[in-house]
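Structure, as structure tokens:
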Amino acid sequence: MQIAAVADGIFRIPIPVPIPLRWVNCYALKGPDGWTLVDTGFHDPGAEAAWREAMGRLGIRPGDVEQILVTHYHPDHLGAAGWLQAVTCAPVVRMPERDAALVPVVWDRRGEQAGNLVAFLRRHGMPAEVAEVVREQHLQHGCLLEPLPARLQPIADGEELRIGGRRMQAIWMPGHSEGLMVFLDLEDGLCLLSDMLLMKITPNVALWPWGIPDPLAAFLESLDRMARLPVRLGLTGHRDLIPDVPGRAREIREHHARRLEEVRVLCRAAGPRGLTGWELSRGLFGDQSSIHNQRFAMAEALAHAEHLVQRGELVREEEEGGTVRYRLA
Ligand SMILES: [Zn+2]
């Protein structure tokens with residue numbers, strides 16, 4: 001993938017990432033007082049090389065970067081922020097406030113959260129050998145965030161930011177992560193979407209032990225608000241840009257309505273014994289090719305099941321031994 005000018009003063013920089021998505025779209029916005037870089041990739045040699053090449057091509061030298069923005073706490077967006085700050089001498093790294101608060105919780109250096117994650121996945125029926133690989137991957141991802149920026153300056157919902165040559169409003173759109181924000185230029189309708197909406201694939205909506213109890217409810221509400229925003233072009237965190245943002249928001253909403261119906265059908269078929277999150281994810285997504293995908297499929301299945309619990313359609317029950325099962329109410 002190539003660096004491309006996608007709007008006046010905005011360049012998309014594809015950074016390779018060591019997960020099945022393969023690339024994260026980072027952006028460089030040129031302003032009268034310097035550059036703003038948005039999102040960063042994991043910190044690995046591939047990302048370093050891609051950033052050095054991009055900065056060379058765009059003529060960005062140390063001292064030219066005013067700020068680095070990270071749209072949410074996921075490692076493919078946050079990972080290289082500390083390194084990038086060091087090489088560009090950017091005075092600040094900013095991040096939506098709720099996700100900034102989650103960074104030390106999710107990416108704790110002692111690996112406590114990896115243990116919580118494994119216990120959570122095991123309670124929801126993931127086989128031990130799969131959960132152990134998830135633990136290793138979570139710890140590996142933590143290493144690919146080093147060094148974290150010394151300070152993450154929080155961005156508040158509704159705050160107006162100068163990004164490159166534009167004034168953009170930060171709009172909190174929780175669901176894909178607790179704190180994710182999009183940045184909208186109200187003058188020309190250009191919006192930095194991050195992973196709020198994606199083309200062809202749907203943003204992962206996942207239940208995690210450190211997260212909110214009903215992420216799907218938050219995401220559906222965000223989709224409704226997104227569909228009403230005056231956006232002319234959406235700049236996404238992965239894959240293609242989105243010309244029809246309200247239309248894509250509605251499509252993704254319909255996708256989740258269908259998926260919720262699949263969950264009801266599977267739980268009905270399972271009868272009074274119900275299903276674990278692991279069984280549900282196998283029913284919804286089949287046999288995933290990688291453990292990374294199995295982890296995210298299961299967290300996505302759990303987000304749908306928990307949403308139906310909150311709506312009173314499913315009940316969550318804990319067996320002796322601690323395994324959690326979902327059945328129709
Ligand atoms: Zn993400």
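Labels for the structure tokens follow display order: chains A, B, ..., residues from 1 in each chain, ligands from 1.
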
When you look at A:Pro18 with a cut-off of 9 Å (counting only C-alpha atoms), what residues show up, excluding the ones that are within fewer than 2 positions of it in the same chain? I need them as a PDB file with N, CA, C and O atoms, in the first residue's frame.
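As a result, around.pdb now contains:
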ATOM      1  N   PRO A  16       2.279  -1.344   8.358  1.00  0.00           N
ATOM      2  CA  PRO A  16       2.025  -2.790   8.494  1.00  0.00           C
ATOM      3  C   PRO A  16       1.889  -3.192   9.966  1.00  0.00           C
ATOM      4  O   PRO A  16       2.593  -2.645  10.825  1.00  0.00           O
ATOM      5  N   PRO A  20      -3.939 -10.152  11.787  1.00  0.00           N
ATOM      6  CA  PRO A  20      -4.570 -10.464  10.499  1.00  0.00           C
ATOM      7  C   PRO A  20      -5.055  -9.243   9.699  1.00  0.00           C
ATOM      8  O   PRO A  20      -5.202  -9.338   8.475  1.00  0.00           O
ATOM      9  N   LEU A  21      -5.285  -8.104  10.331  1.00  0.00           N
ATOM     10  CA  LEU A  21      -5.725  -6.915   9.579  1.00  0.00           C
ATOM     11  C   LEU A  21      -4.658  -6.406   8.615  1.00  0.00           C
ATOM     12  O   LEU A  21      -4.959  -5.719   7.649  1.00  0.00           O
ATOM     13  N   ARG A  22      -3.412  -6.693   8.919  1.00  0.00           N
ATOM     14  CA  ARG A  22      -2.232  -6.412   8.072  1.00  0.00           C
ATOM     15  C   ARG A  22      -1.796  -4.954   8.003  1.00  0.00           C
ATOM     16  O   ARG A  22      -0.609  -4.687   7.944  1.00  0.00           O
ATOM     17  N   TRP A  23      -2.734  -3.993   7.982  1.00  0.00           N
ATOM     18  CA  TRP A  23      -2.344  -2.595   7.911  1.00  0.00           C
ATOM     19  C   TRP A  23      -3.218  -1.775   8.847  1.00  0.00           C
ATOM     20  O   TRP A  23      -4.398  -2.074   9.025  1.00  0.00           O
ATOM     21  N   PHE A  42       1.771  -0.866  15.658  1.00  0.00           N
ATOM     22  CA  PHE A  42       2.552  -1.473  16.739  1.00  0.00           C
ATOM     23  C   PHE A  42       3.979  -0.932  16.644  1.00  0.00           C
ATOM     24  O   PHE A  42       4.425  -0.543  15.566  1.00  0.00           O
ATOM     25  N   ASP A  44       7.195  -2.024  16.004  1.00  0.00           N
ATOM     26  CA  ASP A  44       8.075  -3.110  15.550  1.00  0.00           C
ATOM     27  C   ASP A  44       8.892  -2.590  14.364  1.00  0.00           C
ATOM     28  O   ASP A  44       8.672  -1.466  13.901  1.00  0.00           O
ATOM     29  N   GLY A  46       8.897  -3.214  11.244  1.00  0.00           N
ATOM     30  CA  GLY A  46       8.114  -2.875  10.043  1.00  0.00           C
ATOM     31  C   GLY A  46       7.495  -1.489  10.153  1.00  0.00           C
ATOM     32  O   GLY A  46       7.505  -0.698   9.197  1.00  0.00           O
ATOM     33  N   ASP A  76      -2.708  -1.678  17.857  1.00  0.00           N
ATOM     34  CA  ASP A  76      -2.352  -1.329  16.475  1.00  0.00           C
ATOM     35  C   ASP A  76      -2.454   0.186  16.239  1.00  0.00           C
ATOM     36  O   ASP A  76      -1.965   0.697  15.235  1.00  0.00           O
TER      37      ASP A  76
END

Subject >> Environment of ligand 1 within 12 Å, counting only C-alpha atoms and all ligand atoms, reported as a PyMOL selection string >> reply: chain A and resi 19+21+23-25+39-42+70-79+99+174-181+193-198+202-206+236-238+296

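Interatomic distance, atom CA of A:Asp185 against atom CA of A:Lys200: 24.5 Å.
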
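Running DSSP on the backbone and keeping only strand (DSSP E), the residues of stretch 76-179 of chain A that qualify are Val92, Val93, Arg94, Met95, Pro96, Gln153, Pro154, Ile155, Glu160, Leu161, Arg162, Ile163, Arg166, Arg167, Met168, Gln169, Ala170, Ile171 and Trp172 of chain A.
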
Okay, now the selection with N, CA, C and O atoms, as a short mmCIF file (atom, residue, chain, number, x, y, z; two decimals), in the first residue's frame?
data_model
loop_
_atom_site.label_atom_id
_atom_site.label_comp_id
_atom_site.auth_asym_id
_atom_site.auth_seq_id
_atom_site.Cartn_x
_atom_site.Cartn_y
_atom_site.Cartn_z
N VAL A 92 3.49 16.71 22.47
CA VAL A 92 2.38 16.03 23.17
C VAL A 92 1.87 14.82 22.39
O VAL A 92 1.89 14.79 21.16
N VAL A 93 1.40 13.84 23.16
CA VAL A 93 0.62 12.72 22.62
C VAL A 93 -0.74 12.81 23.29
O VAL A 93 -0.83 12.83 24.53
N ARG A 94 -1.79 12.90 22.49
CA ARG A 94 -3.13 13.06 23.06
C ARG A 94 -4.00 11.86 22.72
O ARG A 94 -3.85 11.23 21.67
N MET A 95 -4.93 11.58 23.63
CA MET A 95 -5.76 10.39 23.48
C MET A 95 -7.10 10.62 24.17
O MET A 95 -7.15 11.30 25.21
N PRO A 96 -8.21 10.09 23.65
CA PRO A 96 -9.50 10.25 24.33
C PRO A 96 -9.40 9.83 25.80
O PRO A 96 -8.77 8.82 26.14
N GLN A 153 -1.91 12.99 27.12
CA GLN A 153 -2.76 14.12 27.50
C GLN A 153 -4.18 13.84 27.04
O GLN A 153 -4.42 13.60 25.85
N PRO A 154 -5.15 13.83 27.96
CA PRO A 154 -6.51 13.40 27.59
C PRO A 154 -7.24 14.39 26.69
O PRO A 154 -7.06 15.60 26.80
N ILE A 155 -8.08 13.86 25.81
CA ILE A 155 -8.96 14.66 24.97
C ILE A 155 -10.38 14.49 25.53
O ILE A 155 -10.82 13.37 25.78
N GLU A 160 -12.76 21.08 20.89
CA GLU A 160 -12.37 21.48 19.54
C GLU A 160 -10.85 21.48 19.46
O GLU A 160 -10.19 22.10 20.29
N LEU A 161 -10.31 20.77 18.50
CA LEU A 161 -8.86 20.65 18.38
C LEU A 161 -8.41 21.24 17.05
O LEU A 161 -9.12 21.15 16.05
N ARG A 162 -7.22 21.80 17.08
CA ARG A 162 -6.58 22.15 15.82
C ARG A 162 -5.78 20.94 15.38
O ARG A 162 -4.89 20.48 16.07
N ILE A 163 -6.14 20.40 14.21
CA ILE A 163 -5.46 19.21 13.69
C ILE A 163 -4.99 19.58 12.29
O ILE A 163 -5.81 19.79 11.39
N ARG A 166 -6.82 22.32 10.19
CA ARG A 166 -8.28 22.28 10.39
C ARG A 166 -8.64 22.45 11.85
O ARG A 166 -7.87 22.15 12.74
N ARG A 167 -9.87 22.87 12.05
CA ARG A 167 -10.47 22.80 13.39
C ARG A 167 -11.41 21.60 13.37
O ARG A 167 -12.29 21.52 12.53
N MET A 168 -11.19 20.71 14.29
CA MET A 168 -12.00 19.48 14.29
C MET A 168 -12.57 19.26 15.69
O MET A 168 -11.94 19.57 16.69
N GLN A 169 -13.79 18.73 15.69
CA GLN A 169 -14.43 18.45 16.97
C GLN A 169 -14.23 16.99 17.33
O GLN A 169 -14.44 16.09 16.50
N ALA A 170 -13.83 16.74 18.58
CA ALA A 170 -13.71 15.37 19.08
C ALA A 170 -15.09 14.91 19.53
O ALA A 170 -15.76 15.59 20.32
N ILE A 171 -15.53 13.78 18.99
CA ILE A 171 -16.87 13.27 19.34
C ILE A 171 -16.71 11.85 19.85
O ILE A 171 -16.23 10.95 19.15
N TRP A 172 -17.12 11.64 21.09
CA TRP A 172 -16.98 10.34 21.76
C TRP A 172 -17.96 9.34 21.14
O TRP A 172 -19.17 9.60 21.09
#

**OP:** Might you pull out every residue within 12 Å of stretch 263-269 of chain A, with only C-alpha atoms counted and same-chain residues fewer than 3 positions away left off, and present them as a PyMOL selection string?
**Re:** chain A and resi 256-260+272-277+279-285+300-309+312-316+325-329

Per residue of stretch 176-272 of chain A within 12 Å of stretch 122-130 of chain A, record the nearest atom pair and its distance in Å to one decimal, counting only C-alpha atoms, with rows in chain order and ascending residue number, as CSV.
residue,atom,partner,partner_atom,distance
A:Leu207,CA,A:His124,CA,11.1
A:Trp208,CA,A:His124,CA,11.3
A:Pro209,CA,A:Arg123,CA,11.2

Keeping all heavy atoms, export the residues of the selection given above as an mmCIF file, in the first residue's frame.
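Produced file again11.cif, reproduced below:
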data_model
loop_
_atom_site.group_PDB
_atom_site.id
_atom_site.type_symbol
_atom_site.label_atom_id
_atom_site.label_comp_id
_atom_site.auth_asym_id
_atom_site.auth_seq_id
_atom_site.Cartn_x
_atom_site.Cartn_y
_atom_site.Cartn_z
ATOM 1 N N LEU A 207 -16.552 -8.011 24.433
ATOM 2 C CA LEU A 207 -16.622 -7.965 25.898
ATOM 3 C C LEU A 207 -15.253 -8.362 26.440
ATOM 4 O O LEU A 207 -14.726 -9.423 26.107
ATOM 5 C CB LEU A 207 -17.689 -8.952 26.391
ATOM 6 C CG LEU A 207 -17.981 -8.880 27.882
ATOM 7 C CD1 LEU A 207 -18.870 -7.677 28.189
ATOM 8 C CD2 LEU A 207 -18.669 -10.163 28.368
ATOM 9 N N TRP A 208 -14.682 -7.487 27.265
ATOM 10 C CA TRP A 208 -13.389 -7.779 27.901
ATOM 11 C C TRP A 208 -13.526 -7.587 29.411
ATOM 12 O O TRP A 208 -14.385 -6.812 29.857
ATOM 13 C CB TRP A 208 -12.296 -6.832 27.398
ATOM 14 C CG TRP A 208 -12.001 -6.894 25.933
ATOM 15 C CD1 TRP A 208 -12.094 -5.866 25.038
ATOM 16 C CD2 TRP A 208 -11.559 -8.034 25.166
ATOM 17 N NE1 TRP A 208 -11.730 -6.292 23.778
ATOM 18 C CE2 TRP A 208 -11.406 -7.611 23.832
ATOM 19 C CE3 TRP A 208 -11.288 -9.371 25.498
ATOM 20 C CZ2 TRP A 208 -10.984 -8.480 22.819
ATOM 21 C CZ3 TRP A 208 -10.875 -10.233 24.480
ATOM 22 C CH2 TRP A 208 -10.725 -9.783 23.163
ATOM 23 N N PRO A 209 -12.655 -8.246 30.179
ATOM 24 C CA PRO A 209 -12.793 -8.123 31.642
ATOM 25 C C PRO A 209 -12.561 -6.691 32.143
ATOM 26 O O PRO A 209 -13.055 -6.323 33.202
ATOM 27 C CB PRO A 209 -11.729 -9.082 32.192
ATOM 28 C CG PRO A 209 -10.796 -9.361 31.063
ATOM 29 C CD PRO A 209 -11.599 -9.195 29.808
#

Subject >> Which of A:Glu320, A:Trp210, A:Leu37, A:Ile201 sits closest to A:Gln113 [using only C-alpha atoms] >> reply: A:Trp210

Subject >> Non-local contacts of stretch 60-64 of chain A (12 Å; only C-alpha atoms; under 4 positions in same chain excluded) as a ChimeraX atom specification >> reply: /A:28-37,51-56,68,84-92,164

Give me the residues within 12 Å of A:Val245 as a short mmCIF file (atom, residue, chain, number, x, y, z; two decimals) with C-alpha atoms, in the first residue's frame, counting only C-alpha atoms and dropping any in the same chain fewer than 2 places off.
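Final file, part.cif:
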data_model
loop_
_atom_site.label_atom_id
_atom_site.label_comp_id
_atom_site.auth_asym_id
_atom_site.auth_seq_id
_atom_site.Cartn_x
_atom_site.Cartn_y
_atom_site.Cartn_z
CA GLY A 189 -17.55 17.22 6.61
CA LEU A 190 -14.29 15.32 6.70
CA CYS A 191 -14.15 12.87 9.60
CA LEU A 192 -11.29 10.85 11.07
CA LEU A 193 -13.28 7.72 11.96
CA MET A 196 -15.76 3.43 14.45
CA LEU A 197 -16.81 2.34 10.96
CA LEU A 198 -14.93 0.22 8.44
CA MET A 199 -15.65 -0.86 4.87
CA LEU A 223 -23.93 4.13 15.18
CA ASP A 224 -27.23 6.00 15.45
CA ARG A 225 -25.41 9.23 16.30
CA MET A 226 -22.84 8.61 13.54
CA ALA A 227 -25.63 8.20 10.98
CA ARG A 228 -26.87 11.70 11.85
CA LEU A 229 -23.51 13.51 11.63
CA PRO A 230 -22.86 15.72 8.58
CA VAL A 231 -19.97 13.62 7.24
CA ARG A 232 -18.93 13.82 3.60
CA LEU A 233 -15.94 11.49 3.73
CA GLY A 234 -14.84 9.09 6.45
CA LEU A 235 -11.13 8.37 6.93
CA THR A 236 -10.95 4.89 8.41
CA LEU A 241 -12.23 5.21 3.08
CA ILE A 242 -16.00 5.58 3.42
CA PRO A 243 -17.83 7.93 1.04
CA GLY A 247 -25.30 4.55 4.90
CA ARG A 248 -22.42 2.48 6.26
CA ALA A 249 -23.51 3.18 9.85
CA ARG A 250 -26.99 1.89 9.02
CA GLU A 251 -25.58 -1.23 7.30
CA ILE A 252 -23.49 -2.09 10.34
#

**OP:** May I have the residues within 6 Å of A:His43 as a list in words, using only C-alpha atoms and disregarding those fewer than 5 positions away in the same chain?
**Re:**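 In the requested format, the answer is Gly79, Ala80, Leu144 and Leu145 of chain A.
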
Atoms to include: N, CA and C atoms. Write the selected residues as a PDB file, in the first residue's frame.
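Dumped to selection_39.pdb:
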ATOM      1  N   GLY A  79       0.537   1.525  19.630  1.00  0.00           N
ATOM      2  CA  GLY A  79       1.818   0.867  19.857  1.00  0.00           C
ATOM      3  C   GLY A  79       3.080   1.691  19.644  1.00  0.00           C
ATOM      4  N   ALA A  80       3.167   2.395  18.505  1.00  0.00           N
ATOM      5  CA  ALA A  80       4.419   3.085  18.188  1.00  0.00           C
ATOM      6  C   ALA A  80       4.426   4.530  18.680  1.00  0.00           C
ATOM      7  N   LEU A 144       5.056  -4.862  22.357  1.00  0.00           N
ATOM      8  CA  LEU A 144       5.095  -4.072  21.115  1.00  0.00           C
ATOM      9  C   LEU A 144       4.497  -2.673  21.303  1.00  0.00           C
ATOM     10  N   LEU A 145       4.249  -2.287  22.551  1.00  0.00           N
ATOM     11  CA  LEU A 145       3.808  -0.918  22.862  1.00  0.00           C
ATOM     12  C   LEU A 145       4.929  -0.125  23.526  1.00  0.00           C
TER      13      LEU A 145
END

**OP:** Taking the DSSP assignment computed from this structure's backbone, write out as a ChimeraX atom specification all residues of stretch 71-189 of chain A that belong to alpha helix (DSSP H).
**Re:** /A:75-78,81-88,97-106,112-123,128-143

Written selection (N, CA and C atoms) as a CSV table (one decimal), in the first residue's frame:
chain,number,residue,atom,x,y,z
A,75,PRO,N,-3.7,-1.8,20.5
A,75,PRO,CA,-2.2,-1.8,20.3
A,75,PRO,C,-1.9,-1.4,18.8
A,76,ASP,N,-2.7,-1.7,17.9
A,76,ASP,CA,-2.4,-1.3,16.5
A,76,ASP,C,-2.5,0.2,16.2
A,77,HIS,N,-3.1,0.9,17.2
A,77,HIS,CA,-3.2,2.4,17.0
A,77,HIS,C,-2.2,3.1,18.0
A,78,LEU,N,-2.0,2.5,19.2
A,78,LEU,CA,-1.2,3.1,20.2
A,78,LEU,C,0.3,2.8,20.1
A,81,ALA,N,3.4,4.9,19.5
A,81,ALA,CA,3.3,6.3,19.8
A,81,ALA,C,4.5,6.9,20.6
A,82,GLY,N,5.0,6.0,21.6
A,82,GLY,CA,6.1,6.5,22.4
A,82,GLY,C,7.4,6.6,21.5
A,83,TRP,N,7.6,5.6,20.7
A,83,TRP,CA,8.8,5.7,19.8
A,83,TRP,C,8.7,6.9,18.8
A,84,LEU,N,7.5,7.1,18.3
A,84,LEU,CA,7.3,8.2,17.3
A,84,LEU,C,7.5,9.5,18.0
A,85,GLN,N,7.0,9.6,19.2
A,85,GLN,CA,7.2,10.9,19.9
A,85,GLN,C,8.7,11.1,20.1
A,86,ALA,N,9.5,10.1,20.4
A,86,ALA,CA,10.9,10.2,20.6
A,86,ALA,C,11.6,10.7,19.3
A,87,VAL,N,11.2,10.1,18.2
A,87,VAL,CA,12.0,10.4,17.0
A,87,VAL,C,11.5,11.7,16.4
A,88,THR,N,10.3,12.1,16.6
A,88,THR,CA,9.8,13.4,16.0
A,88,THR,C,9.9,14.6,17.0
A,97,GLU,N,-10.1,10.6,26.7
A,97,GLU,CA,-9.8,10.5,28.1
A,97,GLU,C,-10.0,9.1,28.7
A,98,ARG,N,-11.1,8.5,28.3
A,98,ARG,CA,-11.4,7.1,28.9
A,98,ARG,C,-10.4,6.1,28.5
A,99,ASP,N,-10.0,6.1,27.2
A,99,ASP,CA,-9.0,5.2,26.8
A,99,ASP,C,-7.6,5.5,27.4
A,100,ALA,N,-7.3,6.8,27.5
A,100,ALA,CA,-6.0,7.1,28.2
A,100,ALA,C,-6.0,6.5,29.6
A,101,ALA,N,-7.1,6.5,30.3
A,101,ALA,CA,-7.2,5.9,31.6
A,101,ALA,C,-7.0,4.4,31.6
A,102,LEU,N,-7.5,3.8,30.5
A,102,LEU,CA,-7.4,2.3,30.4
A,102,LEU,C,-6.0,1.8,30.0
A,103,VAL,N,-5.2,2.7,29.4
A,103,VAL,CA,-3.8,2.2,29.0
A,103,VAL,C,-3.1,1.5,30.1
A,104,PRO,N,-2.9,2.1,31.3
A,104,PRO,CA,-2.1,1.4,32.3
A,104,PRO,C,-2.9,0.2,32.9
A,105,VAL,N,-4.2,0.1,32.7
A,105,VAL,CA,-4.9,-1.0,33.2
A,105,VAL,C,-4.8,-2.2,32.3
A,106,VAL,N,-5.0,-2.0,31.0
A,106,VAL,CA,-4.9,-3.1,30.0
A,106,VAL,C,-3.5,-3.5,29.8
A,112,GLU,N,-0.6,-8.7,35.0
A,112,GLU,CA,-1.8,-9.1,35.8
A,112,GLU,C,-3.0,-9.2,34.9
A,113,GLN,N,-3.1,-8.2,34.0
A,113,GLN,CA,-4.3,-8.2,33.1
A,113,GLN,C,-4.4,-9.4,32.2
A,114,ALA,N,-3.2,-9.9,31.8
A,114,ALA,CA,-3.2,-11.1,31.0
A,114,ALA,C,-3.7,-12.3,31.7
A,115,GLY,N,-3.4,-12.4,33.0
A,115,GLY,CA,-4.0,-13.4,33.9
A,115,GLY,C,-5.5,-13.2,34.0
A,116,ASN,N,-6.0,-12.0,34.2
A,116,ASN,CA,-7.4,-11.8,34.3
A,116,ASN,C,-8.1,-12.2,33.0
A,117,LEU,N,-7.5,-11.9,31.9
A,117,LEU,CA,-8.0,-12.2,30.6
A,117,LEU,C,-8.2,-13.7,30.4
A,118,VAL,N,-7.2,-14.5,30.8
A,118,VAL,CA,-7.2,-15.9,30.7
A,118,VAL,C,-8.3,-16.5,31.6
A,119,ALA,N,-8.4,-16.0,32.8
A,119,ALA,CA,-9.5,-16.5,33.7
A,119,ALA,C,-10.9,-16.2,33.1
A,120,PHE,N,-11.0,-15.0,32.6
A,120,PHE,CA,-12.3,-14.6,31.9
A,120,PHE,C,-12.6,-15.5,30.8
A,121,LEU,N,-11.7,-15.8,29.9
A,121,LEU,CA,-11.9,-16.6,28.7
A,121,LEU,C,-12.2,-18.0,29.1
A,122,ARG,N,-11.5,-18.5,30.2
A,122,ARG,CA,-11.7,-19.9,30.6
A,122,ARG,C,-13.1,-20.0,31.2
A,123,ARG,N,-13.6,-19.0,32.0
A,123,ARG,CA,-14.9,-19.0,32.6
A,123,ARG,C,-16.0,-19.1,31.5
A,128,ALA,N,-8.3,-24.6,27.7
A,128,ALA,CA,-7.1,-24.1,28.4
A,128,ALA,C,-5.9,-23.8,27.4
A,129,GLU,N,-5.7,-24.7,26.4
A,129,GLU,CA,-4.5,-24.6,25.6
A,129,GLU,C,-4.7,-23.4,24.6
A,130,VAL,N,-5.9,-23.0,24.3
A,130,VAL,CA,-6.2,-21.9,23.5
A,130,VAL,C,-6.0,-20.6,24.3
A,131,ALA,N,-6.5,-20.6,25.5
A,131,ALA,CA,-6.4,-19.5,26.4
A,131,ALA,C,-4.9,-19.2,26.7
A,132,GLU,N,-4.1,-20.2,26.9
A,132,GLU,CA,-2.7,-20.0,27.1
A,132,GLU,C,-2.0,-19.2,26.0
A,133,VAL,N,-2.4,-19.6,24.8
A,133,VAL,CA,-1.8,-18.8,23.6
A,133,VAL,C,-2.3,-17.4,23.6
A,134,VAL,N,-3.5,-17.2,24.0
A,134,VAL,CA,-4.0,-15.8,24.1
A,134,VAL,C,-3.2,-15.0,25.1
A,135,ARG,N,-2.9,-15.7,26.3
A,135,ARG,CA,-2.1,-15.0,27.3
A,135,ARG,C,-0.7,-14.5,26.7
A,136,GLU,N,-0.1,-15.5,26.0
A,136,GLU,CA,1.2,-15.1,25.4
A,136,GLU,C,1.1,-14.0,24.4
A,137,GLN,N,0.0,-14.0,23.6
A,137,GLN,CA,-0.2,-13.0,22.6
A,137,GLN,C,-0.4,-11.6,23.2
A,138,HIS,N,-1.2,-11.6,24.3
A,138,HIS,CA,-1.5,-10.4,25.0
A,138,HIS,C,-0.2,-9.8,25.6
A,139,LEU,N,0.6,-10.6,26.1
A,139,LEU,CA,1.9,-10.2,26.7
A,139,LEU,C,2.8,-9.7,25.6
A,140,GLN,N,2.8,-10.4,24.5
A,140,GLN,CA,3.6,-10.0,23.3
A,140,GLN,C,3.2,-8.6,22.8
A,141,HIS,N,1.8,-8.4,22.7
A,141,HIS,CA,1.3,-7.1,22.3
A,141,HIS,C,1.8,-6.0,23.2
A,142,GLY,N,1.7,-6.3,24.5
A,142,GLY,CA,2.2,-5.3,25.5
A,142,GLY,C,3.6,-4.9,25.2
A,143,CYS,N,4.5,-5.9,24.8
A,143,CYS,CA,5.9,-5.6,24.5
A,143,CYS,C,6.0,-4.7,23.3

Original post:
Do you have the atom CA of A:Ile291-atom CA of A:Arg239 distance handy?
Top reply: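 Result for atom CA of A:Ile291 versus atom CA of A:Arg239: 22.1 Å, one decimal.
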
Original post:
What does the distance between atom CA of A:Pro215 and atom CA of A:Asp157 come to in Å, to one decimal place?
Top reply: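 Atom-to-atom, atom CA of A:Pro215 and atom CA of A:Asp157 are spaced 18.0 Å apart.
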